[in-house]
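The structure under discussion appears below in the form of structure tokens.
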Amino acid sequence: MPVLLAPDQALPLNELIQAANKVGLDTTILPSNAPMPLIQGLGSLLHAGPSEVSFLSNPRLASQLAQCQAAAVIMTEQAHESLSGSAPPYRVVLCSQPYLLYALLAQWFDQHRLRRLPLGIHPTAVIAASAHIAEGVSIGPHCVVEEGAVIETGTRLGPGCVVGAQSRVGKDGLLHARVTLYHGVKIGDRAIVHSGAVLGADGFGFAPDPRHAGGWAKIAQLGGVSVGNDVEIGANTTIDRGALEDTLIGDGVKLDNQIMIAHNVSVGEHTAMAACVGVAGSTAIGRRCTIGGAAMISGHLVLGDDVHVSGGTAITSSVSRPGRYTGVYPFDEHAGWQRNAAVVSQLGQLRKRLRALEKPTL
Amino acid sequence: MPVLLAPDQALPLNELIQAANKVGLDTTILPSNAPMPLIQGLGSLLHAGPSEVSFLSNPRLASQLAQCQAAAVIMTEQAHESLSGSAPPYRVVLCSQPYLLYALLAQWFDQHRLRRLPLGIHPTAVIAASAHIAEGVSIGPHCVVEEGAVIETGTRLGPGCVVGAQSRVGKDGLLHARVTLYHGVKIGDRAIVHSGAVLGADGFGFAPDPRHAGGWAKIAQLGGVSVGNDVEIGANTTIDRGALEDTLIGDGVKLDNQIMIAHNVSVGEHTAMAACVGVAGSTAIGRRCTIGGAAMISGHLVLGDDVHVSGGTAITSSVSRPGRYTGVYPFDEHAGWQRNAAVVSQLGQLRKRLRALEKPTL
Amino acid sequence: MPVLLAPDQALPLNELIQAANKVGLDTTILPSNAPMPLIQGLGSLLHAGPSEVSFLSNPRLASQLAQCQAAAVIMTEQAHESLSGSAPPYRVVLCSQPYLLYALLAQWFDQHRLRRLPLGIHPTAVIAASAHIAEGVSIGPHCVVEEGAVIETGTRLGPGCVVGAQSRVGKDGLLHARVTLYHGVKIGDRAIVHSGAVLGADGFGFAPDPRHAGGWAKIAQLGGVSVGNDVEIGANTTIDRGALEDTLIGDGVKLDNQIMIAHNVSVGEHTAMAACVGVAGSTAIGRRCTIGGAAMISGHLVLGDDVHVSGGTAITSSVSRPGRYTGVYPFDEHAGWQRNAAVVSQLGQLRKRLRALEKPTL
């Protein structure tokens, strides 16, 4: 359905797979003797058209193959063997990891689009004299790069980005439109940052101010933000600067949209968080964790490696053991919820009454 | 209180109502013979001044009429009949739907303000040669409209908007300041999009990457976003692009601020969501649903038509039956919550103990 | 670790404290006779280097003093007295409120950085002829200030800010990059507003529209936003304009990132909210309240003064009594949660069964 290449740009299937397969996955095209179909895009099993590649990664979708109109379908040898009867109307691309091969093909198509975007520094961009812009950097209209900032080679800034003083973006990065980096924010190589993300705003720190009853004195936030390599940061996500040291985001971390990372948090390598997660100040999250959407992690906690938090769960104490953790109120029809919720506020009493019944009076 | 027209712009009540009532609501002004008051604005019953119109839509507020200083009050015939005694000091505008007439009047005042804003394309806007800008379009300072984008007639872009390549905004739309549309985002007619909204950022999709233990390979998102007619999208709301097909927002959908719509979600016609809602990937939400603030809808679910979700509720499985659904932990004073919450983690045990009591030992 | 001043800018300890201590806190440097160390920055007990000041505010961290390499440590007289043995290698700054003195020092360093930023109005800023820009205002690149807007003296706008028509920013304010104020938004003196914040977007108001089954007619929002003095507003936070009157934020209110304040809400003086809080329409929150991260406050409620809401709690009814309120589902290992959550939906039944056991059959 989303045909991505014009007909005159279409690529033979084998050339496309060779170009996309940077990981060196095993791939075999069946049958290999016939002329290769020309490919213009990717599609799901039900929507891919005759100039598109599709893939079967979830065995439960195998029944969709009967209707598939794609030029080629990526699947495992197992899946292929379980196909009954005569040769299918599409080419089969055997691969031990169909989903990963699909990912690589999708990356190839996206890179194809990106390569055709205008290069260079737009004349409306405002770049400080002391900023260091490496060769091969593209900077979109109305960007602002402040004093002493560094942007390494191959990185692209969409329209309206702001890179604060003394900040640094590594090489081959992609900042979409309207990304804001405050001063002193460091991002590694191959970063992808989506629109509206804000890195380096002040952490939320206040001391009681005796001059006003109930008033607050601001703790100015003097640390920065330090982001590793291969990190993706979603739209409108915010990562605050540290109070004295840096807030830390490890290599390979993936953050979805509208996530809030408070000051002095550290997030370990390859941890992934779905949208709308909030992590409060000074919490340390381990490596390879996954945090489900809208989960909330309190401040000053330690979550170990390989901790998986379900969506909507509030983590209010440290978790050292790997595993999956959940805390979600089960939903119900409103009347049923109301009836049961009324008992929640009496559970302590209920337990006492149960105990009383268990201990028969002497 | 918010007087919206200067004294020399004030309109006679009957002319104002005629101009605003595009729906053809029944309206009768009482008394009809006296000279019409000149109106400059709208106000609530307690705050409207002598050059403003007010309205009574909630019968429980009828007691406020005694203090009302408005020039005119919109009310139903029923409400008017229940007024005791002599003629009130304000004009009465009889209407079977006072709240809707108020809505139309408020729209009229807002349109009056909008009509006076500067028209045309600001010289600082950066517009690609291949973009199609229809007649009567206004584009604010520092906007960017990329290659092949289309903006239809009557649409207005506030300062700093970005319309990505091949995107399209229908006619008579209003994009407030700093709205971002990525490439391939289609929006219908009469859209209102608020500042900071981001449409078309990448959906959150990754495949395990065998090159790094625990690492992730990005699934580039090749679909787009497709938004129907008469849709409003709130400030800092994000709607991600689909993986292969489009994320779909139906006609008449109303989204409040800071909502997150993940990739491949579809939202049915006239569904309304309050602020801070998150909808995870590939979920399909029906028509005429209402989703309360900060509710969370898990991924790959189907919610039928006319499903109403209470604020703060996590919907973790599909819901086919119309109705209201709730799942909120009841709040309490902290000590009481603590006492009862301790029992929540023993409920399975508690049930067992209850069963044991119910089955007397033989 | 974050050395903030170049060596030639370093300040003697006593001069630095005098310059920073605007509140007139009691301070005594021990020993007072030796030459004062030169200070370049601040650091925590474990990370501060020999040209930095540190502080001990939490008595539990006193054991870290043994490893402290700071030039000076701020502490109370009590803490100093409990130090055993010989004179420490660092200067001691006695102060009855070490955390507040640290806050003041951090502010001093941040002001030092701010004072060195470029002043004046950037030539790419677009400023309406009828806007009033006071003396000493700095306006960054690509800002837009619309008709009739007022910016008072000493205020600084980062790159890409938009100040809508008839809006007003008081004196000595700091709007970071890409802040959006719609029309008719008033902000007091000494405001700090972080990137991506949006003030004055339309409140979410609709009336059922009989022309379409299930459709909605927009209630145009004619009120504004009114923000007091000494308010801080976090990154990507949104504060909607009122329907007819203003949404109100009191003096000294502190709002963290990604907070949503709906239309017609009022927030009392010195109330502080952590990130990701949502407050629904027309709710009134008292003075000196604290609202924990990701808490949700329903609409049309009244919260009194000194109400403290725990993170993740949904407040669904009014709260008049000061105190701490909580409502969070306790998290657990997934299997345990599942077992117990299954009982939550039977609690009404469970209570009945318990009652039945308590009333022995006659």
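Please note that chains go A, B, ... in the order of the structure tokens, that every chain numbers its residues from 1, and that ligands are numbered from 1 in the order shown.
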
**Q.** Interface residues on chain A facing chain C, 7 Å, only C-alpha atoms, written as a count of residues only
**A.** 30

Q. Leaving out Asp26 (chain B) and any residue of its chain fewer than 2 positions from it, which residues lie within 10 Å of it when counting only C-alpha atoms, given as a list in words?
A.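 The contact residues come out as Asn21, Val23, Gly24, Thr28, Val93, Leu94, Cys95, Ser96, Gln97 and Leu101 of chain B.
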
Write a file of the selected residues as a compact mmCIF listing (two decimals), in the first residue's frame, keeping N, CA and C atoms.
# COMPACT_ATOMS: atom_id res chain seq x y z
N ASN B 21 -25.98 31.97 14.74
CA ASN B 21 -26.82 30.77 14.74
C ASN B 21 -26.81 30.09 13.37
N VAL B 23 -26.72 27.00 12.82
CA VAL B 23 -27.38 25.70 12.87
C VAL B 23 -28.88 25.85 12.66
N GLY B 24 -29.38 27.07 12.78
CA GLY B 24 -30.82 27.26 12.68
C GLY B 24 -31.57 26.86 13.92
N THR B 28 -36.03 32.99 20.43
CA THR B 28 -37.01 34.08 20.59
C THR B 28 -36.49 35.04 21.65
N VAL B 93 -33.38 35.15 26.06
CA VAL B 93 -33.34 34.52 24.74
C VAL B 93 -33.80 33.08 24.93
N LEU B 94 -35.02 32.81 24.49
CA LEU B 94 -35.54 31.44 24.60
C LEU B 94 -34.91 30.58 23.52
N CYS B 95 -34.45 29.40 23.91
CA CYS B 95 -33.84 28.49 22.95
C CYS B 95 -33.91 27.09 23.54
N SER B 96 -34.25 26.13 22.74
CA SER B 96 -34.38 24.77 23.27
C SER B 96 -33.02 24.17 23.65
N GLN B 97 -31.94 24.75 23.11
CA GLN B 97 -30.61 24.22 23.42
C GLN B 97 -29.66 25.37 23.80
N LEU B 101 -26.39 27.10 21.73
CA LEU B 101 -26.42 28.49 21.25
C LEU B 101 -25.24 29.27 21.83

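The gap separating CA of Gln221 (chain A) from CA of Val179 (chain B) is 29.1 Å, in Å to one decimal.
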
Q.
So that I can see what lies close to Ser320 (chain A), please list as a ChimeraX atom specification the residues with an atom at most 9 Å from it, counting only C-alpha atoms and leaving out residues fewer than 2 positions away in the same chain.
A. /A:302-305,307,318,322

Q: Show which residues sit within 6 Å of region 64-77 of chain B, as a list in words. Count only C-alpha atoms, and ignore same-chain residues fewer than 3 positions away.
A: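 Skipping anything fewer than 3 positions along the chain leaves Leu45, Leu46, Ala48, Gly49, Pro50, Ser51, Glu52, Val53, Ser54, Phe55, Leu56, Leu61, His80, Tyr90, Arg91, Val92, Val93, Leu94, Cys95, Ser96 and Pro98 of chain B.
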
What would the file look like if the residues just selected were written as a PDB file, in the first residue's frame with N, CA, C and O atoms?
ATOM      1  N   LEU B  45     -23.081  33.442  34.318  1.00  0.00           N
ATOM      2  CA  LEU B  45     -24.170  34.133  35.004  1.00  0.00           C
ATOM      3  C   LEU B  45     -23.646  35.101  36.058  1.00  0.00           C
ATOM      4  O   LEU B  45     -24.173  36.200  36.222  1.00  0.00           O
ATOM      5  N   LEU B  46     -22.593  34.703  36.758  1.00  0.00           N
ATOM      6  CA  LEU B  46     -22.103  35.545  37.856  1.00  0.00           C
ATOM      7  C   LEU B  46     -21.149  36.639  37.371  1.00  0.00           C
ATOM      8  O   LEU B  46     -20.949  37.634  38.050  1.00  0.00           O
ATOM      9  N   ALA B  48     -20.949  37.936  33.906  1.00  0.00           N
ATOM     10  CA  ALA B  48     -21.288  38.713  32.710  1.00  0.00           C
ATOM     11  C   ALA B  48     -21.690  40.130  33.101  1.00  0.00           C
ATOM     12  O   ALA B  48     -22.406  40.344  34.078  1.00  0.00           O
ATOM     13  N   GLY B  49     -21.249  41.105  32.345  1.00  0.00           N
ATOM     14  CA  GLY B  49     -21.570  42.501  32.602  1.00  0.00           C
ATOM     15  C   GLY B  49     -22.692  42.984  31.703  1.00  0.00           C
ATOM     16  O   GLY B  49     -23.242  42.210  30.905  1.00  0.00           O
ATOM     17  N   PRO B  50     -23.036  44.247  31.818  1.00  0.00           N
ATOM     18  CA  PRO B  50     -24.226  44.782  31.139  1.00  0.00           C
ATOM     19  C   PRO B  50     -24.101  44.872  29.619  1.00  0.00           C
ATOM     20  O   PRO B  50     -25.070  45.223  28.960  1.00  0.00           O
ATOM     21  N   SER B  51     -22.937  44.568  29.054  1.00  0.00           N
ATOM     22  CA  SER B  51     -22.859  44.506  27.592  1.00  0.00           C
ATOM     23  C   SER B  51     -22.546  43.073  27.138  1.00  0.00           C
ATOM     24  O   SER B  51     -22.001  42.867  26.074  1.00  0.00           O
ATOM     25  N   GLU B  52     -22.882  42.125  27.979  1.00  0.00           N
ATOM     26  CA  GLU B  52     -22.574  40.736  27.653  1.00  0.00           C
ATOM     27  C   GLU B  52     -23.800  39.824  27.723  1.00  0.00           C
ATOM     28  O   GLU B  52     -24.746  40.093  28.460  1.00  0.00           O
ATOM     29  N   VAL B  53     -23.719  38.734  26.971  1.00  0.00           N
ATOM     30  CA  VAL B  53     -24.756  37.707  26.988  1.00  0.00           C
ATOM     31  C   VAL B  53     -24.315  36.596  27.931  1.00  0.00           C
ATOM     32  O   VAL B  53     -23.134  36.269  27.990  1.00  0.00           O
ATOM     33  N   SER B  54     -25.268  36.019  28.657  1.00  0.00           N
ATOM     34  CA  SER B  54     -24.971  34.840  29.453  1.00  0.00           C
ATOM     35  C   SER B  54     -25.967  33.740  29.089  1.00  0.00           C
ATOM     36  O   SER B  54     -26.795  33.915  28.181  1.00  0.00           O
ATOM     37  N   PHE B  55     -25.857  32.610  29.774  1.00  0.00           N
ATOM     38  CA  PHE B  55     -26.728  31.485  29.438  1.00  0.00           C
ATOM     39  C   PHE B  55     -26.944  30.630  30.668  1.00  0.00           C
ATOM     40  O   PHE B  55     -26.106  30.570  31.556  1.00  0.00           O
ATOM     41  N   LEU B  56     -28.112  29.997  30.704  1.00  0.00           N
ATOM     42  CA  LEU B  56     -28.445  29.052  31.772  1.00  0.00           C
ATOM     43  C   LEU B  56     -28.668  27.691  31.119  1.00  0.00           C
ATOM     44  O   LEU B  56     -29.688  27.476  30.471  1.00  0.00           O
ATOM     45  N   LEU B  61     -28.049  25.995  38.334  1.00  0.00           N
ATOM     46  CA  LEU B  61     -27.474  27.338  38.478  1.00  0.00           C
ATOM     47  C   LEU B  61     -28.542  28.434  38.403  1.00  0.00           C
ATOM     48  O   LEU B  61     -28.226  29.626  38.406  1.00  0.00           O
ATOM     49  N   HIS B  80     -37.606  29.537  31.736  1.00  0.00           N
ATOM     50  CA  HIS B  80     -38.226  30.860  31.763  1.00  0.00           C
ATOM     51  C   HIS B  80     -39.546  30.829  32.526  1.00  0.00           C
ATOM     52  O   HIS B  80     -39.851  31.732  33.313  1.00  0.00           O
ATOM     53  N   TYR B  90     -32.810  41.591  32.579  1.00  0.00           N
ATOM     54  CA  TYR B  90     -32.092  41.239  31.343  1.00  0.00           C
ATOM     55  C   TYR B  90     -33.081  40.755  30.299  1.00  0.00           C
ATOM     56  O   TYR B  90     -34.199  40.347  30.625  1.00  0.00           O
ATOM     57  N   ARG B  91     -32.656  40.820  29.035  1.00  0.00           N
ATOM     58  CA  ARG B  91     -33.442  40.176  27.995  1.00  0.00           C
ATOM     59  C   ARG B  91     -33.334  38.662  28.155  1.00  0.00           C
ATOM     60  O   ARG B  91     -32.286  38.154  28.556  1.00  0.00           O
ATOM     61  N   VAL B  92     -34.391  37.973  27.807  1.00  0.00           N
ATOM     62  CA  VAL B  92     -34.365  36.519  27.806  1.00  0.00           C
ATOM     63  C   VAL B  92     -34.334  36.044  26.360  1.00  0.00           C
ATOM     64  O   VAL B  92     -35.112  36.502  25.533  1.00  0.00           O
ATOM     65  N   VAL B  93     -33.383  35.149  26.060  1.00  0.00           N
ATOM     66  CA  VAL B  93     -33.342  34.522  24.743  1.00  0.00           C
ATOM     67  C   VAL B  93     -33.796  33.080  24.929  1.00  0.00           C
ATOM     68  O   VAL B  93     -33.082  32.267  25.503  1.00  0.00           O
ATOM     69  N   LEU B  94     -35.022  32.806  24.486  1.00  0.00           N
ATOM     70  CA  LEU B  94     -35.539  31.445  24.600  1.00  0.00           C
ATOM     71  C   LEU B  94     -34.913  30.580  23.517  1.00  0.00           C
ATOM     72  O   LEU B  94     -34.845  30.978  22.357  1.00  0.00           O
ATOM     73  N   CYS B  95     -34.448  29.401  23.913  1.00  0.00           N
ATOM     74  CA  CYS B  95     -33.840  28.487  22.946  1.00  0.00           C
ATOM     75  C   CYS B  95     -33.913  27.086  23.537  1.00  0.00           C
ATOM     76  O   CYS B  95     -33.665  26.906  24.734  1.00  0.00           O
ATOM     77  N   SER B  96     -34.248  26.133  22.740  1.00  0.00           N
ATOM     78  CA  SER B  96     -34.382  24.771  23.273  1.00  0.00           C
ATOM     79  C   SER B  96     -33.021  24.174  23.646  1.00  0.00           C
ATOM     80  O   SER B  96     -32.948  23.230  24.404  1.00  0.00           O
ATOM     81  N   PRO B  98     -29.788  25.867  25.024  1.00  0.00           N
ATOM     82  CA  PRO B  98     -29.004  27.054  25.419  1.00  0.00           C
ATOM     83  C   PRO B  98     -27.495  26.826  25.308  1.00  0.00           C
ATOM     84  O   PRO B  98     -26.764  27.740  24.912  1.00  0.00           O
TER      85      PRO B  98
END

**Q.** Long-range neighbours of His263 (chain B) as a list in words, 8 Å cut-off, only C-alpha atoms, 4 positions minimum in chain
**A.** Asp202, Gly203, Phe204, Ile239, Asp240, Arg241, Gly242, Ala243, Asp246, Thr247, Ala280, Gly281 and Ser282 of chain B

Could you write out the selected residues, including all heavy atoms, as an mmCIF file, in the first residue's frame?
data_model
loop_
_atom_site.group_PDB
_atom_site.id
_atom_site.type_symbol
_atom_site.label_atom_id
_atom_site.label_comp_id
_atom_site.auth_asym_id
_atom_site.auth_seq_id
_atom_site.Cartn_x
_atom_site.Cartn_y
_atom_site.Cartn_z
ATOM 1 N N ASP B 202 7.913 8.646 14.258
ATOM 2 C CA ASP B 202 8.006 7.199 14.079
ATOM 3 C C ASP B 202 7.276 6.454 15.176
ATOM 4 O O ASP B 202 7.469 6.737 16.363
ATOM 5 C CB ASP B 202 9.469 6.752 14.133
ATOM 6 C CG ASP B 202 10.226 7.145 12.873
ATOM 7 O OD1 ASP B 202 9.590 7.517 11.864
ATOM 8 O OD2 ASP B 202 11.466 7.079 12.909
ATOM 9 N N GLY B 203 6.469 5.475 14.801
ATOM 10 C CA GLY B 203 5.973 4.530 15.783
ATOM 11 C C GLY B 203 7.139 3.821 16.444
ATOM 12 O O GLY B 203 8.249 3.775 15.915
ATOM 13 N N PHE B 204 6.861 3.271 17.620
ATOM 14 C CA PHE B 204 7.906 2.663 18.453
ATOM 15 C C PHE B 204 7.995 1.188 18.095
ATOM 16 O O PHE B 204 7.269 0.353 18.640
ATOM 17 C CB PHE B 204 7.512 2.865 19.914
ATOM 18 C CG PHE B 204 8.616 2.682 20.909
ATOM 19 C CD1 PHE B 204 9.715 3.535 20.912
ATOM 20 C CD2 PHE B 204 8.556 1.683 21.875
ATOM 21 C CE1 PHE B 204 10.716 3.382 21.866
ATOM 22 C CE2 PHE B 204 9.555 1.529 22.819
ATOM 23 C CZ PHE B 204 10.645 2.391 22.807
ATOM 24 N N ILE B 239 0.716 11.891 17.539
ATOM 25 C CA ILE B 239 0.088 10.797 16.786
ATOM 26 C C ILE B 239 1.164 10.223 15.872
ATOM 27 O O ILE B 239 1.632 10.887 14.949
ATOM 28 C CB ILE B 239 -1.107 11.301 15.955
ATOM 29 C CG1 ILE B 239 -2.111 12.054 16.842
ATOM 30 C CG2 ILE B 239 -1.778 10.146 15.224
ATOM 31 C CD1 ILE B 239 -3.286 12.636 16.079
ATOM 32 N N ASP B 240 1.557 8.996 16.170
ATOM 33 C CA ASP B 240 2.666 8.400 15.415
ATOM 34 C C ASP B 240 2.228 7.856 14.063
ATOM 35 O O ASP B 240 1.088 7.419 13.892
ATOM 36 C CB ASP B 240 3.278 7.263 16.234
ATOM 37 C CG ASP B 240 4.300 7.769 17.245
ATOM 38 O OD1 ASP B 240 4.591 8.977 17.278
ATOM 39 O OD2 ASP B 240 4.819 6.928 18.007
ATOM 40 N N ARG B 241 3.158 7.818 13.141
ATOM 41 C CA ARG B 241 2.903 7.240 11.824
ATOM 42 C C ARG B 241 2.863 5.717 11.931
ATOM 43 O O ARG B 241 3.447 5.111 12.829
ATOM 44 C CB ARG B 241 3.966 7.684 10.830
ATOM 45 C CG ARG B 241 5.342 7.172 11.135
ATOM 46 C CD ARG B 241 6.428 7.819 10.231
ATOM 47 N NE ARG B 241 6.023 7.954 8.862
ATOM 48 C CZ ARG B 241 5.745 9.125 8.290
ATOM 49 N NH1 ARG B 241 5.858 10.257 8.982
ATOM 50 N NH2 ARG B 241 5.360 9.185 7.037
ATOM 51 N N GLY B 242 2.169 5.079 11.006
ATOM 52 C CA GLY B 242 2.063 3.634 11.018
ATOM 53 C C GLY B 242 3.325 2.951 10.524
ATOM 54 O O GLY B 242 4.180 3.561 9.876
ATOM 55 N N ALA B 243 3.446 1.679 10.875
ATOM 56 C CA ALA B 243 4.616 0.903 10.454
ATOM 57 C C ALA B 243 4.584 0.700 8.940
ATOM 58 O O ALA B 243 5.570 0.956 8.243
ATOM 59 C CB ALA B 243 4.637 -0.444 11.170
ATOM 60 N N ASP B 246 -1.351 3.472 7.402
ATOM 61 C CA ASP B 246 -1.503 4.728 8.131
ATOM 62 C C ASP B 246 -2.152 4.522 9.494
ATOM 63 O O ASP B 246 -3.015 3.654 9.664
ATOM 64 C CB ASP B 246 -2.399 5.700 7.345
ATOM 65 C CG ASP B 246 -1.695 6.313 6.149
ATOM 66 O OD1 ASP B 246 -0.493 6.036 5.947
ATOM 67 O OD2 ASP B 246 -2.352 7.072 5.417
ATOM 68 N N THR B 247 -1.780 5.341 10.457
ATOM 69 C CA THR B 247 -2.559 5.540 11.672
ATOM 70 C C THR B 247 -3.779 6.371 11.280
ATOM 71 O O THR B 247 -3.641 7.326 10.519
ATOM 72 C CB THR B 247 -1.710 6.269 12.720
ATOM 73 O OG1 THR B 247 -0.538 5.476 12.968
ATOM 74 C CG2 THR B 247 -2.463 6.499 14.007
ATOM 75 N N ALA B 280 -2.007 2.506 22.990
ATOM 76 C CA ALA B 280 -0.851 1.771 22.486
ATOM 77 C C ALA B 280 -1.127 1.207 21.091
ATOM 78 O O ALA B 280 -2.270 1.194 20.618
ATOM 79 C CB ALA B 280 -0.474 0.672 23.463
ATOM 80 N N GLY B 281 -0.078 0.694 20.465
ATOM 81 C CA GLY B 281 -0.092 0.384 19.051
ATOM 82 C C GLY B 281 -1.144 -0.600 18.598
ATOM 83 O O GLY B 281 -1.470 -1.575 19.286
ATOM 84 N N SER B 282 -1.711 -0.331 17.418
ATOM 85 C CA SER B 282 -2.603 -1.242 16.686
ATOM 86 C C SER B 282 -3.954 -1.419 17.337
ATOM 87 O O SER B 282 -4.733 -2.275 16.892
ATOM 88 C CB SER B 282 -1.952 -2.617 16.478
ATOM 89 O OG SER B 282 -0.773 -2.477 15.714
#

Q: For Ser226 (chain B), work out the shell of residues within 7 Å, counting only C-alpha atoms and skipping chain neighbours fewer than 5 positions away, then give it as a list in words.
A: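 Residues near the query, excluding close chain neighbours: Val185, Lys186, Ile187, Asp246, Thr247, Leu248 and Ile249 of chain B.
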
(Q) Among region 271-351 of chain A, which ones does DSSP assign to strand (DSSP E) (computed from the backbone)? Answer as a ChimeraX atom specification. (A) /A:272-273,278-279,284-285,290-291,296-297,302-303,307-309,314-315,323-326,332-333

Residues from the last selection, N, CA, C and O atoms, saved as a compact mmCIF listing (two decimals), in the first residue's frame:
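Done, and the output landed in again_16.txt:
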# COMPACT_ATOMS: atom_id res chain seq x y z
N ALA A 272 14.37 -0.22 27.10
CA ALA A 272 13.36 0.38 26.22
C ALA A 272 12.14 0.77 27.05
O ALA A 272 11.69 -0.01 27.89
N MET A 273 11.63 1.96 26.81
CA MET A 273 10.44 2.43 27.53
C MET A 273 9.38 2.83 26.53
O MET A 273 9.64 3.61 25.61
N GLY A 278 6.94 7.88 33.27
CA GLY A 278 7.62 8.90 34.05
C GLY A 278 8.60 8.26 35.01
O GLY A 278 8.25 7.29 35.70
N VAL A 279 9.82 8.76 35.04
CA VAL A 279 10.84 8.27 35.98
C VAL A 279 11.27 9.45 36.84
O VAL A 279 11.78 10.45 36.33
N ALA A 284 17.87 4.88 39.43
CA ALA A 284 18.78 4.18 38.52
C ALA A 284 18.08 2.95 37.97
O ALA A 284 17.64 2.09 38.74
N ILE A 285 17.97 2.88 36.65
CA ILE A 285 17.32 1.75 35.99
C ILE A 285 18.40 0.95 35.28
O ILE A 285 19.29 1.52 34.64
N THR A 290 12.54 -3.40 30.22
CA THR A 290 11.47 -2.83 29.41
C THR A 290 10.43 -2.25 30.36
O THR A 290 10.06 -2.90 31.35
N ILE A 291 10.00 -1.05 30.06
CA ILE A 291 9.03 -0.35 30.91
C ILE A 291 7.80 -0.10 30.05
O ILE A 291 7.88 0.59 29.03
N MET A 296 5.00 4.30 35.97
CA MET A 296 5.56 5.40 36.75
C MET A 296 6.59 4.82 37.71
O MET A 296 6.29 3.86 38.41
N ILE A 297 7.78 5.38 37.72
CA ILE A 297 8.83 4.88 38.62
C ILE A 297 9.15 6.01 39.59
O ILE A 297 9.54 7.09 39.17
N VAL A 302 16.37 1.91 42.85
CA VAL A 302 17.28 1.16 42.00
C VAL A 302 16.52 -0.01 41.39
O VAL A 302 15.97 -0.85 42.12
N LEU A 303 16.46 -0.05 40.07
CA LEU A 303 15.91 -1.20 39.36
C LEU A 303 17.08 -1.93 38.72
O LEU A 303 17.87 -1.33 37.99
N VAL A 307 14.73 -6.06 34.39
CA VAL A 307 13.45 -5.89 35.08
C VAL A 307 12.43 -5.41 34.05
O VAL A 307 12.71 -4.49 33.28
N HIS A 308 11.26 -6.04 34.02
CA HIS A 308 10.23 -5.70 33.05
C HIS A 308 8.99 -5.22 33.79
O HIS A 308 8.43 -5.95 34.61
N VAL A 309 8.60 -4.02 33.53
CA VAL A 309 7.49 -3.39 34.24
C VAL A 309 6.31 -3.32 33.28
O VAL A 309 6.43 -2.82 32.16
N ALA A 314 2.77 1.39 38.87
CA ALA A 314 3.56 2.33 39.65
C ALA A 314 4.60 1.55 40.46
O ALA A 314 4.23 0.73 41.30
N ILE A 315 5.87 1.79 40.18
CA ILE A 315 6.94 1.13 40.93
C ILE A 315 7.37 2.09 42.03
O ILE A 315 7.90 3.17 41.75
N GLY A 323 12.67 -10.00 36.26
CA GLY A 323 11.33 -10.56 36.21
C GLY A 323 10.35 -9.51 35.74
O GLY A 323 10.74 -8.39 35.40
N ARG A 324 9.09 -9.90 35.75
CA ARG A 324 8.05 -8.99 35.31
C ARG A 324 7.25 -8.54 36.52
O ARG A 324 6.85 -9.36 37.35
N TYR A 325 6.97 -7.25 36.59
CA TYR A 325 6.30 -6.66 37.75
C TYR A 325 5.08 -5.88 37.27
O TYR A 325 5.15 -5.15 36.29
N THR A 326 3.99 -6.04 38.01
CA THR A 326 2.73 -5.45 37.58
C THR A 326 1.97 -4.89 38.77
O THR A 326 2.07 -5.44 39.87
N ASP A 332 -13.52 -2.76 34.97
CA ASP A 332 -14.78 -3.51 35.02
C ASP A 332 -15.88 -2.56 34.53
O ASP A 332 -15.65 -1.37 34.37
N GLU A 333 -17.07 -3.12 34.31
CA GLU A 333 -18.18 -2.20 34.07
C GLU A 333 -18.31 -1.29 35.29
O GLU A 333 -18.04 -1.72 36.41

Q. What's the 9 Å shell around Leu38 (chain A), counting only C-alpha atoms, without same-chain residues fewer than 2 positions away, as a VMD selection string?
A. chain A and resid 7 10 to 13 36 40 51 to 52 71

Q) Quick one: distance from CA of Ala128 (chain B) to CA of Gly173 (chain B) in Å, one decimal? A) 20.1 Å

Q. Quick one: distance from CA of Glu146 (chain C) to CA of Gln166 (chain C) in Å, one decimal?
A.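 CA of Gln166 (chain C) lies at a distance of 7.5 Å from CA of Glu146 (chain C).
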